[in-house]
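Presented below is the structure to which this report refers.
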Amino acid sequence: MKLYNLKDHNEQVSFAQAVTQGLGKNQGLFFPHELPEFSLTDVDEMLKMDFVSRSAKILAAFIGDEIPQDVLEARVRQAFAFPAPVARVTDDVGCLELFHGPTLAFKDFGGRFMAQMLAQISGDKPVTILTATSGDTGAAVAHAFYGLKNVRVVILYPRGKISPLQEKLFCTLGGNIETVAIDGDFDACQALVKQAFDDEALKAALGLNSANSINISRLLAQICYYFEAVAQLPQEARNQLVISVPSGNFGDLTAGLLAKSLGLPVKRFIAATNVNDTVPRYLRDGQWAPKATQATLSNAMDVSQPNNWPRVEELFRRKIWRLDELDSAAVDDAITRESMRELKALGYLSEPHAAVAWRALCDRLNPGEYGLFLGTAHPAKFKESVEAILGETLELPEALAKRADLPLLSHSLPADFAALRNLLMSR
Ligand SMILES: *Cc1c(COP(=O)(O)O)cnc(C)c1O
C-alpha cells in the first residue's frame with residue numbers, strides 16, 4: 001500500500017514505513033493512495049465469513065502487497081482474540097460492544113493489531129513507542145506491547161484527568177512500560193509527543209514510534225469491526241443502518257467511514273461528542289474554532305483539536321462525498337447522566353462515552369431506520385461515575401480487579417519538553 005502525507009503529497013511511503021514512522025514531515029498524517037472497493041456481491045460473501053478470515057480479507061485489500069495473506073491472517077488471529085457482539089437495546093437500536101478485550105475498550109483492537117504489525121515489520125530493531133493518552137489508548141498500547149522484546153513504551157497522560165482505575169490498568173505494569181503523569185490536559189500531552197517527533201536527533205536515537213490513533217495500522221484494524229457489526233444484523237436493518245460514533249480524536253469515525261468507502265452499507269454516520277464540540281460546530285457553521293478543552297464524564301473524548309480530522313476531510317474529498325451528509329451532535333454531562341439512566345431503564349447498563357453516542361442516535365434516528373451506537377468501553381472502567389449516576393454497585397471484571405491493588409509506577413513531569421527529553425534520553 002502506498003500512502004501520502006496530507007501536508008505534503010510528495011512524501012510517499014509504504015505501509016511498513018507509515019507504521020514505523022507514525023507521522024510524516026510537518027506532522028502530516030498518512031493517507032492511502034488507493035481506496036479499495038468491494039462489490040456488493042463481495043460484501044455479501046464477506047458478511048458470511050468469520051470475524052478473523054473476513055478481517056484478514058479487508059486488511060489484505062490495503063496491505064496485501066506487503067504482507068502475505070496467510071501471515072496477515074495469523075497476525076489478525078493474535079490481535080483479534082475476542083469478540084465484538086451487537087447487543088440489543090431496543091427493537092431498532094443495538095450497541096456494538098467493543099470492550100471485550102484485555103483492557104476492556106475498543107482501543108484493544110487497534111493497539112494489538114499495531115503491535116503485531118510492528119513486530120512483523122521491525123524484526124529485531126529496538127524501538128521506543130511514545131504516545132499520549134486521554135485514558136484508554138494508554139492501557140491498550142501498554143497491554144499490547146507488554147513484554148515484547150526490543151520495544152520500550154513511554155506513555156504520557158494528563159495527571160488527575162483519567163479515572164483512577166484507568167490509571168491502575170496501565171501504570172502498574174512496569175517492565176518495558178514507562179508511564180508519565182503530565183501536569184496539563186490531554187492536548188498538552190499530545191503537543192509534547194508532537195514536539196518529540198519533530199526532534200530529529202531524539203527520533204533517531206530512540207527509534208521513536210507513535211502508537212496513538214494517528215498510526216494508520218490502528219485505523220485499518222478498526223475498519224474490521226464495522227463489518228463484524230453489520231454481519232450480525234438482519235437484512236432489513238443492513239439497508240437502513242445509521243451508526244453513531246462517540247468521538248474524541250475521530251479515529252473510530254475515520255475507520256467507519258473507510259468501511260463505508262470499501263462498500264459496507266451504512267446510510268449515515270453521526271459524529272457524537274461531549275461539550276468538546278469543535279467538529280459539530282464546524283459542521284454547522286463552517287468555522288474551525290477549537291476552544292479550551294473541558295473535563296467531562298466521557299473523559300476519553302475530552303479533545304478539542306481532534307488529530308484525525310484531516311483524514312476525514314480527505315476521505316470526503318476523495319470520495320466526492322458532501323461533508324454536510326455527516327451528521328453530528330454534542331451532548332453535555334447532564335444529558336449524559338440522564339441517558340445512562342434511560343438506558344438502564346431499558347435494561348442496558350452503559351457508561352458515559354456510549355451514552356453520548358446513544359443520545360445522539362436517538363435524537364437523530366428516523367422511523368424505519370436501524371441505529372447502532374458504539375460501546376467503546378466496559379462500564380466498570382468508569383466505575384466511580386457509573387455507580388454514582390446509576391446508584392448501583394458494579395462488579396470489577398477480572399482484568400481490572402487484578403490490577404486495582406497494585407502500586408502506581410508513574411513518573412511525574414511538568415508539561416515541558418526539555419524535561420520529557422531528559423527522561424527519554426536517560427536510558
Ligand atoms: C478513545 C475513546 C473514544 C474516542 O475515540 P476516538 O477514536 O479518539 O474518536 C471514545 N470512547 C472511549 C471509551 C475511548 O477510549
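Chain labels follow the order of the C-alpha cells: the first chain is A, the next B, and so on; residue numbering restarts at 1 in every chain, and ligands are counted from 1 in their shown order.
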
Write out as a tab-separated table the residues of segment 291-327 of chain A that have any atom within 12 Å of an atom of segment 217-230 of chain A, one row each with the nearest atom pair and its distance in Å to one decimal, counting only C-alpha atoms, sorted by chain and then rising number.
```
residue	atom	partner	partner_atom	distance
A:Asn308	CA	A:Leu219	CA	9.9
A:Arg311	CA	A:Leu219	CA	10.6
A:Val312	CA	A:Leu219	CA	11.8
```

Inset, instruction - Assign secondary structure with DSSP using the backbone only, and return the residues of segment 236-287 of chain A in alpha helix (DSSP H) as a list in words. - result: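 Residues of segment 236-287 of chain A classed as alpha helix (DSSP H): Glu236, Ala237, Arg238, Gly251, Asp252, Leu253, Thr254, Ala255, Gly256, Leu257, Leu258, Ala259, Lys260, Ser261, Leu262, Thr278, Val279, Pro280, Arg281, Tyr282, Leu283, Arg284 and Asp285 of chain A.
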
For those residues, write N, CA and C atoms to a file as a short mmCIF file (atom, residue, chain, number, x, y, z; two decimals), in the first residue's frame.
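So again-v6.cif came out as:
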```cif
data_model
loop_
_atom_site.label_atom_id
_atom_site.label_comp_id
_atom_site.auth_asym_id
_atom_site.auth_seq_id
_atom_site.Cartn_x
_atom_site.Cartn_y
_atom_site.Cartn_z
N GLU A 236 -33.01 -6.50 6.79
CA GLU A 236 -33.76 -5.23 6.76
C GLU A 236 -32.95 -4.11 7.39
N ALA A 237 -32.29 -4.44 8.50
CA ALA A 237 -31.53 -3.42 9.22
C ALA A 237 -30.32 -2.97 8.41
N ARG A 238 -29.72 -3.90 7.66
CA ARG A 238 -28.49 -3.59 6.92
C ARG A 238 -28.70 -2.46 5.91
N GLY A 251 -10.61 8.85 15.40
CA GLY A 251 -10.05 7.67 14.75
C GLY A 251 -11.14 6.67 14.43
N ASP A 252 -12.00 6.44 15.41
CA ASP A 252 -13.07 5.46 15.22
C ASP A 252 -14.00 5.87 14.07
N LEU A 253 -14.32 7.13 14.01
CA LEU A 253 -15.20 7.59 12.93
C LEU A 253 -14.48 7.46 11.57
N THR A 254 -13.20 7.80 11.54
CA THR A 254 -12.44 7.65 10.29
C THR A 254 -12.51 6.20 9.81
N ALA A 255 -12.32 5.26 10.72
CA ALA A 255 -12.36 3.85 10.36
C ALA A 255 -13.74 3.46 9.84
N GLY A 256 -14.78 3.97 10.46
CA GLY A 256 -16.14 3.68 10.00
C GLY A 256 -16.37 4.21 8.59
N LEU A 257 -15.89 5.40 8.34
CA LEU A 257 -16.05 5.99 7.01
C LEU A 257 -15.25 5.21 5.98
N LEU A 258 -14.08 4.70 6.38
CA LEU A 258 -13.30 3.86 5.46
C LEU A 258 -14.06 2.56 5.17
N ALA A 259 -14.73 2.02 6.18
CA ALA A 259 -15.53 0.81 5.97
C ALA A 259 -16.61 1.10 4.92
N LYS A 260 -17.24 2.25 5.05
CA LYS A 260 -18.27 2.63 4.07
C LYS A 260 -17.65 2.79 2.68
N SER A 261 -16.48 3.38 2.63
CA SER A 261 -15.85 3.57 1.31
C SER A 261 -15.44 2.23 0.69
N LEU A 262 -15.22 1.21 1.51
CA LEU A 262 -14.93 -0.13 0.98
C LEU A 262 -16.18 -0.79 0.41
N THR A 278 -15.83 20.84 18.88
CA THR A 278 -15.23 21.54 17.73
C THR A 278 -15.85 21.06 16.41
N VAL A 279 -15.99 19.75 16.26
CA VAL A 279 -16.48 19.22 14.98
C VAL A 279 -17.98 19.50 14.75
N PRO A 280 -18.86 19.21 15.71
CA PRO A 280 -20.27 19.56 15.47
C PRO A 280 -20.46 21.04 15.13
N ARG A 281 -19.73 21.92 15.80
CA ARG A 281 -19.85 23.35 15.48
C ARG A 281 -19.33 23.64 14.08
N TYR A 282 -18.23 23.00 13.73
CA TYR A 282 -17.64 23.19 12.40
C TYR A 282 -18.60 22.71 11.30
N LEU A 283 -19.25 21.58 11.55
CA LEU A 283 -20.17 21.04 10.54
C LEU A 283 -21.40 21.94 10.40
N ARG A 284 -21.74 22.64 11.46
CA ARG A 284 -22.90 23.52 11.43
C ARG A 284 -22.59 24.84 10.74
N ASP A 285 -21.44 25.46 11.14
CA ASP A 285 -21.23 26.83 10.63
C ASP A 285 -19.96 27.01 9.80
#
```

Legend entry - Residue with smallest distance to ligand 1 - pool A:Pro397, A:Pro68, A:Gly248, A:Gly263, counting only C-alpha atoms and all ligand atoms: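 Once distances to ligand 1 are computed over only C-alpha atoms and all ligand atoms, the minimum belongs to A:Gly248.
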
Inset, instruction - All residues within 8 Å of ligand 1 are required, counting only C-alpha atoms and all ligand atoms; please report them as a ChimeraX atom specification. - result: /A:105-107,134-137,213,245-254,298-301,306,353-354,375-378

Mind checking which residues fall within 7 Å of Ile155 of chain A, counting only C-alpha atoms, ignoring those fewer than 4 positions away in the same chain, and posting them as a CSV table (one decimal) with all heavy atoms, in the first residue's frame?
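Result file around.csv:
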```csv
chain,number,residue,atom,x,y,z
A,130,LEU,N,6.3,6.1,21.8
A,130,LEU,CA,5.9,7.2,22.7
A,130,LEU,C,4.5,7.7,22.3
A,130,LEU,O,4.2,7.9,21.1
A,130,LEU,CB,6.9,8.4,22.4
A,130,LEU,CG,6.5,9.7,23.1
A,130,LEU,CD1,6.6,9.6,24.6
A,130,LEU,CD2,7.4,10.9,22.6
A,131,THR,N,3.6,7.7,23.3
A,131,THR,CA,2.2,8.0,23.0
A,131,THR,C,1.6,8.8,24.1
A,131,THR,O,2.0,8.7,25.2
A,131,THR,CB,1.5,6.7,22.6
A,131,THR,OG1,0.2,7.0,22.1
A,131,THR,CG2,1.3,5.9,23.9
A,132,ALA,N,0.6,9.6,23.7
A,132,ALA,CA,-0.2,10.4,24.7
A,132,ALA,C,-1.6,9.7,24.8
A,132,ALA,O,-2.1,9.2,23.8
A,132,ALA,CB,-0.3,11.8,24.2
A,138,GLY,N,-3.7,4.4,26.3
A,138,GLY,CA,-2.5,4.0,27.1
A,138,GLY,C,-2.6,2.6,27.5
A,138,GLY,O,-1.7,1.8,27.3
A,178,GLU,N,6.8,2.3,30.6
A,178,GLU,CA,7.0,3.5,31.4
A,178,GLU,C,5.8,4.5,31.3
A,178,GLU,O,5.4,4.8,30.2
A,178,GLU,CB,8.3,4.2,31.1
A,178,GLU,CG,9.6,3.5,31.3
A,178,GLU,CD,10.8,4.1,30.7
A,178,GLU,OE1,11.0,5.3,30.9
A,178,GLU,OE2,11.5,3.4,30.0
A,179,THR,N,5.3,5.0,32.4
A,179,THR,CA,4.2,5.9,32.3
A,179,THR,C,4.6,7.2,33.0
A,179,THR,O,5.3,7.2,34.0
A,179,THR,CB,3.0,5.3,33.0
A,179,THR,OG1,3.3,4.8,34.3
A,179,THR,CG2,2.4,4.1,32.2
A,180,VAL,N,4.1,8.3,32.4
A,180,VAL,CA,4.4,9.6,32.8
A,180,VAL,C,3.2,10.5,33.0
A,180,VAL,O,2.5,10.8,32.1
A,180,VAL,CB,5.4,10.3,31.8
A,180,VAL,CG1,5.9,11.7,32.4
A,180,VAL,CG2,6.6,9.5,31.5
```

Inset, instruction - Name the residues of segment 135-211 of chain A that come out as strand (DSSP E or B) in a backbone DSSP run; write them as a PyMOL selection string. - result: chain A and resi 151-158+177-183+208-209

Inset, instruction - Could you check how far atom CA of Asn176 of chain A sits from atom CA of Arg152 of chain A, in Å to one decimal? - result: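 Distance reported for this atom pair: 5.1 Å.
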
Legend entry - Shortest interatomic distance to Gln294 of chain A - which of A:Val76, A:Asn209, A:Asp185, A:Lys319, counting only C-alpha atoms: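 With only C-alpha atoms as the atom set, the closest residue is A:Asp185.
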
Legend entry - Non-local contacts of Leu104 of chain A (12 Å; only C-alpha atoms; under 5 positions in same chain excluded) as number ranges by chain: A: 82-84, 97-99, 109, 135-137, 139-140, 143, 165-166, 169, 375-382, 396-400

Any chance you could export the current selection's C-alpha atoms as a PDB file, in the first residue's frame?
```
ATOM      1  CA  PHE A  82     -12.037 -11.597  21.490  1.00  0.00           C
ATOM      2  CA  PRO A  83     -15.493 -10.937  20.046  1.00  0.00           C
ATOM      3  CA  ALA A  84     -17.334  -7.738  19.052  1.00  0.00           C
ATOM      4  CA  GLU A  97     -19.757  -3.787  22.197  1.00  0.00           C
ATOM      5  CA  LEU A  98     -16.066  -3.221  21.590  1.00  0.00           C
ATOM      6  CA  PHE A  99     -14.956  -3.742  25.177  1.00  0.00           C
ATOM      7  CA  PHE A 109      -8.312  -3.786  18.533  1.00  0.00           C
ATOM      8  CA  GLY A 135      -7.273   7.302  29.151  1.00  0.00           C
ATOM      9  CA  ASP A 136      -7.815   4.215  27.105  1.00  0.00           C
ATOM     10  CA  THR A 137      -5.161   4.301  24.384  1.00  0.00           C
ATOM     11  CA  ALA A 139      -3.922   0.878  28.526  1.00  0.00           C
ATOM     12  CA  ALA A 140      -4.439  -0.709  25.143  1.00  0.00           C
ATOM     13  CA  HIS A 143      -1.010  -4.271  27.222  1.00  0.00           C
ATOM     14  CA  LEU A 165      -8.974   2.570  37.539  1.00  0.00           C
ATOM     15  CA  GLN A 166      -7.828   3.546  34.059  1.00  0.00           C
ATOM     16  CA  LEU A 169      -4.703  -0.594  34.403  1.00  0.00           C
ATOM     17  CA  GLY A 375     -19.915   0.774  23.120  1.00  0.00           C
ATOM     18  CA  THR A 376     -16.327   1.905  23.376  1.00  0.00           C
ATOM     19  CA  ALA A 377     -15.578   0.902  26.979  1.00  0.00           C
ATOM     20  CA  HIS A 378     -16.813  -1.528  29.624  1.00  0.00           C
ATOM     21  CA  PRO A 379     -18.986   0.248  32.247  1.00  0.00           C
ATOM     22  CA  ALA A 380     -16.680  -0.957  35.018  1.00  0.00           C
ATOM     23  CA  LYS A 381     -13.842   1.080  33.526  1.00  0.00           C
ATOM     24  CA  PHE A 382     -15.751   4.135  34.681  1.00  0.00           C
ATOM     25  CA  LEU A 396     -14.982  -5.320  38.548  1.00  0.00           C
ATOM     26  CA  PRO A 397     -14.100  -7.568  35.653  1.00  0.00           C
ATOM     27  CA  GLU A 398     -11.098  -9.746  36.396  1.00  0.00           C
ATOM     28  CA  ALA A 399      -8.619  -7.740  34.308  1.00  0.00           C
ATOM     29  CA  LEU A 400      -9.311  -4.671  36.425  1.00  0.00           C
TER      30      LEU A 400
END
```

Legend entry - From A:Leu192, A:Leu343, A:Val127, A:Val242, residue lying nearest Asn150 of chain A [only C-alpha atoms]: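 Going through A:Leu192, A:Leu343, A:Val127, A:Val242 one by one, the smallest distance to Asn150 of chain A is for A:Val127.
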
Inset, instruction - With a distance cut-off of 10 Å and only C-alpha atoms, select the neighbouring residues of Ala191 of chain A, excluding the residue or stretch itself and same-chain residues fewer than 4 positions from it, and output the selection as a ChimeraX atom specification. - result: /A:132,186-187,195-197,415-417
